[in-house]
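Structure data follow from my_file05.txt (compact mmCIF, C-alpha atoms):
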# COMPACT_ATOMS: atom_id res chain seq x y z
CA MET I 1 -0.89 -24.83 23.75
CA SER I 2 -1.36 -28.31 25.13
CA ASP I 3 -1.92 -30.02 28.46
CA ALA I 4 0.07 -33.24 28.59
CA GLY I 5 -1.96 -34.39 31.59
CA GLU I 6 -5.10 -34.61 29.44
CA THR I 7 -3.63 -36.40 26.44
CA ARG I 8 -5.82 -39.17 25.07
CA GLY I 9 -3.54 -41.08 22.73
CA PRO I 10 -0.46 -39.87 20.92
CA ALA I 11 -2.23 -37.64 18.37
CA LYS I 12 -5.01 -36.19 20.52
CA ILE I 13 -4.22 -33.36 22.90
CA VAL I 14 -5.98 -30.41 24.45
CA GLU I 15 -5.37 -27.26 22.40
CA THR I 16 -5.98 -23.56 22.87
CA LYS I 17 -6.95 -21.39 19.89
CA LEU I 18 -7.07 -17.61 19.91
CA VAL I 19 -9.97 -15.75 18.35
CA ALA I 20 -8.74 -13.77 15.33
CA GLU I 21 -9.36 -10.04 14.89
CA ASP I 22 -11.89 -10.54 12.10
CA GLU I 23 -13.87 -13.08 14.16
CA ALA I 24 -15.20 -10.45 16.56
CA ASP I 25 -18.76 -11.04 17.79
CA ILE I 26 -19.10 -14.46 16.14
CA ARG I 27 -21.12 -17.03 18.09
CA LEU I 28 -19.08 -19.82 19.66
CA ASP I 29 -20.96 -22.58 17.81
CA ARG I 30 -20.39 -20.84 14.45
CA TRP I 31 -16.72 -20.24 15.28
CA PHE I 32 -16.39 -23.91 16.20
CA LYS I 33 -18.05 -25.02 12.96
CA ARG I 34 -15.68 -22.81 10.99
CA HIS I 35 -12.61 -24.36 12.60
CA TYR I 36 -13.89 -27.94 13.04
CA PRO I 37 -16.50 -28.64 10.36
CA GLN I 38 -16.39 -32.37 11.08
CA ILE I 39 -17.93 -31.88 14.55
CA GLY I 40 -21.72 -32.01 14.57
CA HIS I 41 -24.00 -29.81 16.65
CA GLY I 42 -24.88 -32.62 19.08
CA VAL I 43 -21.23 -33.41 19.79
CA LEU I 44 -20.45 -29.74 20.41
CA GLN I 45 -23.42 -29.39 22.77
CA LYS I 46 -22.13 -32.33 24.81
CA LEU I 47 -18.62 -30.83 24.95
CA LEU I 48 -20.08 -27.52 26.14
CA ARG I 49 -22.44 -29.14 28.63
CA THR I 50 -19.59 -31.10 30.22
CA GLY I 51 -17.29 -28.07 30.31
CA GLN I 52 -14.71 -29.50 27.93
CA VAL I 53 -14.91 -26.47 25.61
CA ARG I 54 -14.20 -23.27 27.53
CA VAL I 55 -13.67 -19.59 26.72
CA GLU I 56 -11.02 -17.80 28.77
CA GLY I 57 -11.04 -20.79 31.12
CA LYS I 58 -14.77 -20.50 31.84
CA ARG I 59 -17.78 -22.56 30.78
CA ALA I 60 -19.61 -21.17 27.77
CA ASP I 61 -22.81 -21.67 25.80
CA ALA I 62 -23.22 -22.18 22.07
CA ASN I 63 -24.48 -18.61 21.68
CA THR I 64 -21.56 -17.01 23.55
CA ARG I 65 -20.20 -14.08 21.51
CA LEU I 66 -16.43 -14.12 21.08
CA LEU I 67 -13.94 -11.25 21.23
CA PRO I 68 -10.58 -10.99 19.40
CA GLY I 69 -7.72 -12.44 21.43
CA GLN I 70 -9.90 -14.64 23.65
CA SER I 71 -8.69 -18.18 24.18
CA VAL I 72 -10.90 -21.17 23.39
CA ARG I 73 -10.06 -24.51 24.98
CA ILE I 74 -10.40 -27.38 22.50
CA PRO I 75 -10.49 -30.90 23.99
CA PRO I 76 -9.50 -34.03 22.06
CA LEU I 77 -12.06 -34.30 19.27
CA PRO I 78 -13.46 -37.27 17.34
CA ASP I 79 -11.71 -37.99 14.07
CA ALA I 80 -13.38 -36.81 10.88
CA THR I 81 -13.19 -40.41 9.63
CA PRO I 82 -12.98 -43.56 11.77
CA ALA I 83 -9.69 -45.43 11.92
CA PRO I 84 -9.66 -48.54 9.71
CA ALA I 85 -10.20 -51.87 11.43
CA GLU I 86 -7.40 -54.42 11.65
CA GLY I 87 -7.33 -57.99 10.46
CA PRO I 88 -7.72 -59.88 7.19
CA GLY I 89 -11.27 -58.63 6.57
CA ALA I 90 -10.46 -55.01 7.32
CA ALA I 91 -11.29 -52.24 4.88
CA LYS I 92 -8.50 -50.50 3.05
CA ALA I 93 -6.81 -47.61 4.84
CA VAL I 94 -8.38 -44.20 4.35
CA LYS I 95 -6.56 -42.19 1.71
CA PRO I 96 -4.63 -39.25 3.24
CA LEU I 97 -6.47 -35.95 2.92
CA PHE I 98 -3.39 -34.25 1.46
CA SER I 99 -1.07 -35.73 -1.14
CA ASP I 100 2.73 -35.60 -0.94
CA LYS I 101 2.64 -33.08 -3.78
CA GLU I 102 0.28 -30.82 -1.85
CA VAL I 103 2.43 -31.08 1.28
CA ALA I 104 5.57 -30.13 -0.67
CA ALA I 105 3.75 -27.25 -2.38
CA LEU I 106 2.51 -25.85 0.95
CA ARG I 107 5.98 -25.96 2.53
CA ALA I 108 7.42 -24.27 -0.56
CA CYS I 109 5.07 -21.34 0.17
CA VAL I 110 6.95 -20.43 3.37
CA LEU I 111 8.53 -17.00 2.87
CA TYR I 112 9.87 -16.50 6.40
CA ARG I 113 10.39 -18.74 9.41
CA ASP I 114 11.98 -18.41 12.83
CA ALA I 115 11.28 -19.89 16.26
CA ASP I 116 8.13 -17.78 16.72
CA VAL I 117 6.77 -16.74 13.34
CA ILE I 118 5.98 -18.18 9.92
CA VAL I 119 4.93 -16.01 7.01
CA LEU I 120 3.25 -17.99 4.27
CA ASP I 121 2.59 -17.00 0.66
CA LYS I 122 -0.97 -18.30 0.62
CA PRO I 123 -2.10 -19.43 -2.84
CA ALA I 124 -5.30 -18.02 -4.29
CA GLY I 125 -8.08 -20.60 -4.00
CA LEU I 126 -6.91 -22.09 -0.69
CA ALA I 127 -9.37 -21.31 2.11
CA VAL I 128 -7.78 -20.38 5.43
CA GLN I 129 -10.50 -22.05 7.50
CA GLY I 130 -13.12 -24.69 6.84
CA GLY I 131 -16.77 -24.24 6.06
CA THR I 132 -19.66 -26.07 4.49
CA GLY I 133 -18.31 -28.41 1.82
CA GLN I 134 -14.75 -27.16 2.41
CA ALA I 135 -12.69 -30.27 3.19
CA LYS I 136 -9.28 -28.84 2.25
CA HIS I 137 -8.24 -25.65 3.97
CA LEU I 138 -5.12 -24.24 5.57
CA ASP I 139 -6.30 -24.76 9.15
CA ALA I 140 -6.49 -28.50 8.46
CA MET I 141 -2.95 -28.45 7.05
CA LEU I 142 -1.16 -26.64 9.89
CA ASP I 143 0.38 -29.85 11.24
CA LEU I 144 2.35 -29.96 7.99
CA LEU I 145 4.03 -26.69 8.97
CA LYS I 146 5.28 -27.73 12.42
CA PHE I 147 8.85 -28.28 11.19
CA ASP I 148 10.99 -28.48 14.39
CA ALA I 149 8.32 -27.08 16.76
CA PRO I 150 6.45 -29.34 19.21
CA GLY I 151 3.03 -27.92 18.30
CA ARG I 152 1.19 -26.85 15.19
CA PRO I 153 1.31 -23.16 14.24
CA LYS I 154 -1.67 -20.96 15.02
CA LEU I 155 -3.70 -18.64 12.83
CA VAL I 156 -3.66 -15.03 14.04
CA HIS I 157 -5.45 -13.42 11.08
CA ARG I 158 -7.05 -14.49 7.80
CA LEU I 159 -7.10 -13.87 4.08
CA ASP I 160 -10.05 -14.46 1.77
CA LYS I 161 -9.98 -17.76 -0.08
CA ASP I 162 -9.49 -16.00 -3.42
CA THR I 163 -6.81 -13.59 -2.14
CA SER I 164 -3.15 -14.60 -2.37
CA GLY I 165 -0.12 -13.44 -0.43
CA CYS I 166 1.35 -12.88 3.02
CA LEU I 167 -0.32 -14.75 5.88
CA VAL I 168 1.23 -14.72 9.36
CA LEU I 169 1.25 -17.81 11.60
CA ALA I 170 2.39 -18.02 15.22
CA ARG I 171 4.53 -21.01 16.19
CA ASN I 172 3.73 -20.91 19.92
CA SER I 173 1.22 -19.41 22.34
CA PHE I 174 3.49 -16.52 23.35
CA ALA I 175 3.91 -15.45 19.73
CA ALA I 176 0.19 -15.93 19.07
CA SER I 177 -0.73 -13.58 21.91
CA ARG I 178 1.72 -10.87 20.81
CA LEU I 179 0.85 -11.09 17.13
CA THR I 180 -2.88 -11.02 17.85
CA GLU I 181 -2.34 -7.86 19.90
CA SER I 182 -0.47 -6.29 16.98
CA PHE I 183 -3.29 -7.02 14.54
CA ARG I 184 -5.96 -5.91 16.99
CA GLY I 185 -4.04 -2.73 17.91
CA ARG I 186 -3.37 -1.90 14.25
CA ASP I 187 0.40 -2.14 14.64
CA ALA I 188 0.52 -4.39 11.58
CA ARG I 189 0.85 -2.78 8.16
CA LYS I 190 -0.75 -4.98 5.48
CA ILE I 191 -0.09 -3.69 1.97
CA TYR I 192 -2.11 -5.22 -0.85
CA TRP I 193 -1.66 -4.93 -4.61
CA ALA I 194 -4.69 -4.96 -6.88
CA ILE I 195 -5.88 -3.98 -10.32
CA THR I 196 -9.12 -2.02 -10.42
CA VAL I 197 -11.51 -1.67 -13.32
CA GLY I 198 -11.44 2.07 -13.83
CA VAL I 199 -9.20 4.55 -12.01
CA PRO I 200 -10.05 5.73 -8.48
CA GLU I 201 -10.51 9.49 -8.11
CA PRO I 202 -8.73 11.13 -6.47
CA HIS I 203 -5.64 8.99 -7.03
CA GLN I 204 -5.00 8.74 -3.30
CA GLY I 205 -7.52 8.63 -0.50
CA ARG I 206 -9.19 7.04 2.49
CA ILE I 207 -12.46 5.12 2.46
CA ASP I 208 -14.54 5.19 5.65
CA LEU I 209 -17.60 3.02 5.09
CA SER I 210 -19.05 0.64 7.66
CA ILE I 211 -19.58 -2.94 6.53
CA GLY I 212 -22.28 -5.45 7.46
CA LYS I 213 -23.62 -8.78 6.24
CA GLU I 214 -26.43 -9.48 3.84
CA MET I 215 -27.96 -12.70 2.59
CA ALA I 216 -27.94 -12.97 -1.20
CA ALA I 217 -29.01 -15.66 -3.63
CA GLY I 218 -25.45 -16.99 -3.80
CA GLY I 219 -25.04 -17.08 -0.02
CA GLU I 220 -23.73 -14.65 2.56
CA ARG I 221 -21.85 -11.57 1.39
CA MET I 222 -20.82 -8.22 2.79
CA MET I 223 -22.19 -4.77 1.99
CA VAL I 224 -21.84 -1.13 2.98
CA ASP I 225 -24.11 -0.65 6.01
CA GLU I 226 -23.67 2.71 7.71
CA ARG I 227 -26.48 2.06 10.21
CA ASN I 228 -25.74 -1.43 11.57
CA GLY I 229 -22.35 -2.35 10.10
CA GLN I 230 -18.92 -2.37 11.73
CA ARG I 231 -16.62 0.57 11.13
CA ALA I 232 -14.16 -0.12 8.30
CA GLN I 233 -11.35 2.09 7.01
CA SER I 234 -9.09 1.57 4.00
CA TYR I 235 -6.35 3.65 2.39
CA TYR I 236 -5.60 3.41 -1.31
CA THR I 237 -3.14 4.96 -3.75
CA VAL I 238 -2.91 4.65 -7.53
CA LEU I 239 0.61 3.54 -8.48
CA GLU I 240 0.06 3.34 -12.25
CA HIS I 241 -2.91 3.46 -14.59
CA ALA I 242 -3.82 2.54 -18.15
CA HIS I 243 -5.67 5.67 -19.26
CA ARG I 244 -9.18 5.37 -17.73
CA LYS I 245 -9.45 1.63 -18.26
CA ALA I 246 -7.67 0.19 -15.23
CA ALA I 247 -5.34 1.06 -12.39
CA PHE I 248 -2.61 -0.64 -10.41
CA VAL I 249 -3.39 0.31 -6.81
CA ALA I 250 -1.87 -0.28 -3.41
CA LEU I 251 -4.32 -0.83 -0.55
CA TRP I 252 -3.93 -0.70 3.22
CA PRO I 253 -6.89 -1.93 5.30
CA ARG I 254 -6.67 -0.20 8.67
CA THR I 255 -9.43 -2.43 10.00
CA GLY I 256 -9.88 -6.14 9.32
CA ARG I 257 -13.47 -6.68 8.17
CA THR I 258 -14.42 -9.60 5.96
CA HIS I 259 -14.02 -8.71 2.25
CA GLN I 260 -13.30 -5.13 3.30
CA LEU I 261 -11.12 -4.09 0.34
CA ARG I 262 -13.44 -5.74 -2.17
CA VAL I 263 -16.51 -3.98 -0.78
CA HIS I 264 -14.76 -0.62 -0.45
CA MET I 265 -13.31 -0.55 -3.96
CA ASP I 266 -16.64 -1.57 -5.47
CA ALA I 267 -18.40 1.10 -3.40
CA ILE I 268 -16.31 3.92 -4.93
CA GLY I 269 -17.02 2.65 -8.45
CA THR I 270 -13.71 0.91 -9.21
CA PRO I 271 -14.14 -2.80 -8.39
CA ILE I 272 -11.18 -5.12 -8.16
CA LEU I 273 -10.54 -6.95 -11.41
CA GLY I 274 -12.10 -10.42 -11.38
CA ASP I 275 -14.36 -9.76 -8.38
CA GLY I 276 -17.59 -11.05 -9.90
CA LYS I 277 -19.02 -11.71 -6.43
CA TYR I 278 -19.36 -8.00 -5.72
CA ALA I 279 -19.35 -6.31 -9.10
CA GLY I 280 -20.70 -8.93 -11.49
CA GLN I 281 -19.72 -8.39 -15.13
CA ALA I 282 -18.43 -4.91 -14.28
CA ALA I 283 -15.40 -6.60 -12.66
CA PHE I 284 -14.14 -7.89 -16.02
CA ILE I 285 -12.61 -6.15 -19.03
CA ASP I 286 -13.86 -7.40 -22.38
CA GLY I 287 -11.20 -8.47 -24.85
CA ALA I 288 -8.39 -8.47 -22.31
CA ASP I 289 -6.18 -11.58 -22.20
CA MET I 290 -6.09 -12.28 -18.48
CA LYS I 291 -7.34 -14.74 -15.87
CA ARG I 292 -10.93 -14.43 -14.65
CA GLN I 293 -9.79 -14.57 -11.02
CA LEU I 294 -9.67 -12.03 -8.23
CA HIS I 295 -6.67 -9.72 -8.73
CA LEU I 296 -6.01 -8.97 -5.05
CA HIS I 297 -2.68 -9.91 -3.48
CA ALA I 298 -1.39 -9.40 0.08
CA ARG I 299 1.94 -8.08 -1.18
CA ARG I 300 3.72 -7.12 2.04
CA ILE I 301 3.36 -7.51 5.80
CA ILE I 302 5.22 -5.34 8.31
CA ILE I 303 4.57 -6.31 11.92
CA PRO I 304 6.41 -6.12 15.27
CA HIS I 305 8.21 -9.37 16.06
CA PRO I 306 6.94 -10.97 19.30
CA ARG I 307 10.41 -10.72 20.86
CA GLY I 308 11.45 -7.34 19.47
CA GLY I 309 12.34 -5.91 16.11
CA THR I 310 10.20 -6.14 12.99
CA VAL I 311 9.11 -8.81 10.55
CA ASP I 312 8.96 -7.33 7.04
CA VAL I 313 8.09 -9.83 4.29
CA THR I 314 7.10 -9.41 0.64
CA ALA I 315 5.26 -12.02 -1.44
CA PRO I 316 5.94 -12.24 -5.20
CA LEU I 317 3.15 -11.52 -7.64
CA PRO I 318 1.21 -14.77 -8.20
CA GLU I 319 1.07 -16.45 -11.59
CA HIS I 320 -2.64 -15.82 -12.14
CA MET I 321 -2.09 -12.04 -11.88
CA ARG I 322 0.97 -11.73 -14.10
CA PRO I 323 -0.91 -11.71 -17.44
CA ALA I 324 -2.83 -8.61 -16.33
CA TRP I 325 0.38 -6.82 -15.34
CA ASP I 326 1.87 -7.72 -18.73
CA TYR I 327 -1.28 -6.67 -20.60
CA PHE I 328 -1.32 -3.19 -19.06
CA GLY I 329 2.46 -2.82 -18.82
CA PHE I 330 2.45 -2.25 -15.07
CA SER I 331 5.66 -2.62 -13.06
CA MET I 332 6.15 -5.75 -10.93
CA ASN I 333 9.17 -4.45 -9.00
CA LEU I 334 7.92 -1.48 -6.96
CA LYS I 335 9.50 -1.90 -3.52
CA GLU I 336 8.83 1.32 -1.62
CA ASP I 337 6.09 1.61 0.99
CA PRO I 338 3.40 3.74 -0.67
CA PHE I 339 1.88 4.60 2.72
CA SER I 340 5.07 5.65 4.57
CA ALA I 341 3.88 9.28 4.73
CA LEU I 342 0.91 8.14 6.86
CA ASP I 343 3.11 7.02 9.79

Whole structure, structure tokens version:
Amino acid sequence: MSDAGETRGPAKIVETKLVAEDEADIRLDRWFKRHYPQIGHGVLQKLLRTGQVRVEGKRADANTRLLPGQSVRIPPLPDATPAPAEGPGAAKAVKPLFSDKEVAALRACVLYRDADVIVLDKPAGLAVQGGTGQAKHLDAMLDLLKFDAPGRPKLVHRLDKDTSGCLVLARNSFAASRLTESFRGRDARKIYWAITVGVPEPHQGRIDLSIGKEMAAGGERMMVDERNGQRAQSYYTVLEHAHRKAAFVALWPRTGRTHQLRVHMDAIGTPILGDGKYAGQAAFIDGADMKRQLHLHARRIIIPHPRGGTVDVTAPLPEHMRPAWDYFGFSMNLKEDPFSALD
């Protein structure tokens, strides 16, 4: 959303961003740093003090806690790098952050597009939002996905950096509001594919374990925390298995906590293949010819369309996961909804 009356130059406009479902209770200054890592604390304090950054149209402080679906007003912000000077003694132009090859690759990831919605097949390794030392992330690339729309698409949910697959973007504020409601109200069905080390028992079940944050030597991570954590619920079903060694599972997170599926599957003793962050060496299978990456893929998204009907999109299995499917002889063409009986 933009306000043409407050435009400061052709590329700088006032924007409105919606708080995603999995950003509940985050402080405003931390939310801002996640979305705009180039803006220092002093600059943000000035923007807040002068009322240029607002939440739901009202002035806010740095420690304001955000709720899913709230709108945050973003004024024109300083560039991450200054524009090059002009004239014979000027420095060379700053190299574009994204190459033509990267732009083409991102646009090739679009699985579905209409006037309101884009569904992207997010590659594993691409962060959705910025953070410390994270210069390249999807949020910084959204202008490349404008196509014929006047504004950049908006994030309405997230995927982990190391998770591939279906990611929904809203192409306008109306769609953003409706899609955010669908994710917050659990009207969206997000079906993930994964390989687990070991076979979950029973072969079908529900995991109800609250999740909270902990500080570890390698930085912040999530953990099961039944006392202070947020409620988290996941369904799983074993589709195929290789004796007791590994299983091909479908997962449906009914809540949207950070790293929820990774924490839940590790908690029941069957970590996701390649998830060294949560399971260490137990997340790998010795002697197996496969990539040492996280084997978690957002396979399918089924969500109400903002203007009626349903968006139902499937993302193909990514290249880094195919060797594991070949190694165990798992099927790559299962199309049915394994959780249809739960409707």

Could you list, with a cut-off of 8 Å and counting all atoms listed in the file, the residues of region 86-175 of chain I near region 285-302 of chain I, each shown with its nearest atom pair and the distance in Å rounded to one decimal, rows sorted by chain and ascending number, as a tab-separated table?
residue	atom	partner	partner_atom	distance
I:Asp162	CA	I:Leu294	CA	6.2
I:Thr163	CA	I:Leu296	CA	5.5
I:Ser164	CA	I:His297	CA	4.8
I:Gly165	CA	I:Ala298	CA	4.3
I:Cys166	CA	I:Ala298	CA	5.3
I:Leu167	CA	I:Ala298	CA	8.0

Neighbour list for Val263 (chain I) as a PDB file with C-alpha atoms, keeping the file's coordinate frame, cut-off 12 Å, all atoms listed in the file, skip fewer than 3 positions in-chain:
ATOM      1  CA  ILE I 207     -12.460   5.120   2.460  1.00  0.00           C
ATOM      2  CA  ASP I 208     -14.540   5.190   5.650  1.00  0.00           C
ATOM      3  CA  LEU I 209     -17.600   3.020   5.090  1.00  0.00           C
ATOM      4  CA  SER I 210     -19.050   0.640   7.660  1.00  0.00           C
ATOM      5  CA  ILE I 211     -19.580  -2.940   6.530  1.00  0.00           C
ATOM      6  CA  GLY I 212     -22.280  -5.450   7.460  1.00  0.00           C
ATOM      7  CA  LYS I 213     -23.620  -8.780   6.240  1.00  0.00           C
ATOM      8  CA  ARG I 221     -21.850 -11.570   1.390  1.00  0.00           C
ATOM      9  CA  MET I 222     -20.820  -8.220   2.790  1.00  0.00           C
ATOM     10  CA  MET I 223     -22.190  -4.770   1.990  1.00  0.00           C
ATOM     11  CA  VAL I 224     -21.840  -1.130   2.980  1.00  0.00           C
ATOM     12  CA  ASP I 225     -24.110  -0.650   6.010  1.00  0.00           C
ATOM     13  CA  ALA I 232     -14.160  -0.120   8.300  1.00  0.00           C
ATOM     14  CA  GLN I 233     -11.350   2.090   7.010  1.00  0.00           C
ATOM     15  CA  SER I 234      -9.090   1.570   4.000  1.00  0.00           C
ATOM     16  CA  PRO I 253      -6.890  -1.930   5.300  1.00  0.00           C
ATOM     17  CA  ARG I 257     -13.470  -6.680   8.170  1.00  0.00           C
ATOM     18  CA  THR I 258     -14.420  -9.600   5.960  1.00  0.00           C
ATOM     19  CA  HIS I 259     -14.020  -8.710   2.250  1.00  0.00           C
ATOM     20  CA  GLN I 260     -13.300  -5.130   3.300  1.00  0.00           C
ATOM     21  CA  ASP I 266     -16.640  -1.570  -5.470  1.00  0.00           C
ATOM     22  CA  ALA I 267     -18.400   1.100  -3.400  1.00  0.00           C
ATOM     23  CA  ILE I 268     -16.310   3.920  -4.930  1.00  0.00           C
ATOM     24  CA  GLY I 269     -17.020   2.650  -8.450  1.00  0.00           C
ATOM     25  CA  THR I 270     -13.710   0.910  -9.210  1.00  0.00           C
ATOM     26  CA  PRO I 271     -14.140  -2.800  -8.390  1.00  0.00           C
ATOM     27  CA  ILE I 272     -11.180  -5.120  -8.160  1.00  0.00           C
ATOM     28  CA  ASP I 275     -14.360  -9.760  -8.380  1.00  0.00           C
ATOM     29  CA  GLY I 276     -17.590 -11.050  -9.900  1.00  0.00           C
ATOM     30  CA  LYS I 277     -19.020 -11.710  -6.430  1.00  0.00           C
ATOM     31  CA  TYR I 278     -19.360  -8.000  -5.720  1.00  0.00           C
ATOM     32  CA  ALA I 279     -19.350  -6.310  -9.100  1.00  0.00           C
TER      33      ALA I 279
END

Which residues, written as a count of residues only, have at least one atom at most 6 Å from Leu251 (chain I), with all atoms listed in the file counted and residues fewer than 6 positions away on the same chain left out?
-> 4

Listed atoms of region 303-311 of chain I boxed along x, y and z, 5 Å each side, centre and edge lengths in Å, one decimal, as AutoDock Vina command-line options:
--center_x 8.5 --center_y -8.4 --center_z 15.7 --size_x 17.8 --size_y 15.1 --size_z 20.3

Option closest in space to His137 (chain I), from I:His320, I:His35, I:Arg107, I:Lys46 [counting only C-alpha atoms] =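 That would be I:His35, the residue with the smallest distance to His137 (chain I).
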
Of I:Lys245, I:His305, I:Arg262, I:Lys335, the one sitting nearest Phe284 (chain I) when using all atoms listed in the file is I:Lys245

Where atoms are absent from region 184-198 of chain I, fill them in so it carries N, CA and C atoms, then output it as a short mmCIF file (atom, residue, chain, number, x, y, z; two decimals), in the frame of the given file.
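part-v6.cif written:
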data_model
loop_
_atom_site.label_atom_id
_atom_site.label_comp_id
_atom_site.auth_asym_id
_atom_site.auth_seq_id
_atom_site.Cartn_x
_atom_site.Cartn_y
_atom_site.Cartn_z
N ARG I 184 -4.81 -6.57 16.37
CA ARG I 184 -5.96 -5.91 16.99
C ARG I 184 -5.67 -4.43 17.25
N GLY I 185 -4.41 -4.11 17.63
CA GLY I 185 -4.04 -2.73 17.91
C GLY I 185 -3.61 -1.94 16.70
N ARG I 186 -3.71 -2.56 15.51
CA ARG I 186 -3.37 -1.90 14.25
C ARG I 186 -1.89 -1.56 14.13
N ASP I 187 -1.05 -2.33 14.78
CA ASP I 187 0.40 -2.14 14.64
C ASP I 187 0.93 -2.85 13.40
N ALA I 188 0.11 -3.67 12.79
CA ALA I 188 0.52 -4.39 11.58
C ALA I 188 0.17 -3.56 10.36
N ARG I 189 1.12 -3.45 9.43
CA ARG I 189 0.85 -2.78 8.16
C ARG I 189 0.72 -3.86 7.10
N LYS I 190 -0.48 -3.98 6.52
CA LYS I 190 -0.75 -4.98 5.48
C LYS I 190 -0.95 -4.25 4.17
N ILE I 191 -0.02 -4.39 3.25
CA ILE I 191 -0.09 -3.69 1.97
C ILE I 191 -0.49 -4.68 0.88
N TYR I 192 -1.59 -4.37 0.22
CA TYR I 192 -2.11 -5.22 -0.85
C TYR I 192 -1.85 -4.55 -2.21
N TRP I 193 -1.68 -5.39 -3.23
CA TRP I 193 -1.66 -4.93 -4.61
C TRP I 193 -2.94 -5.41 -5.27
N ALA I 194 -3.48 -4.58 -6.15
CA ALA I 194 -4.69 -4.96 -6.88
C ALA I 194 -4.73 -4.21 -8.20
N ILE I 195 -5.50 -4.73 -9.13
CA ILE I 195 -5.88 -3.98 -10.32
C ILE I 195 -7.36 -3.67 -10.20
N THR I 196 -7.71 -2.41 -10.44
CA THR I 196 -9.12 -2.02 -10.42
C THR I 196 -9.61 -1.77 -11.84
N VAL I 197 -10.87 -2.02 -12.05
CA VAL I 197 -11.51 -1.67 -13.32
C VAL I 197 -11.93 -0.22 -13.21
N GLY I 198 -11.30 0.64 -14.00
CA GLY I 198 -11.44 2.07 -13.83
C GLY I 198 -10.36 2.60 -12.90
#
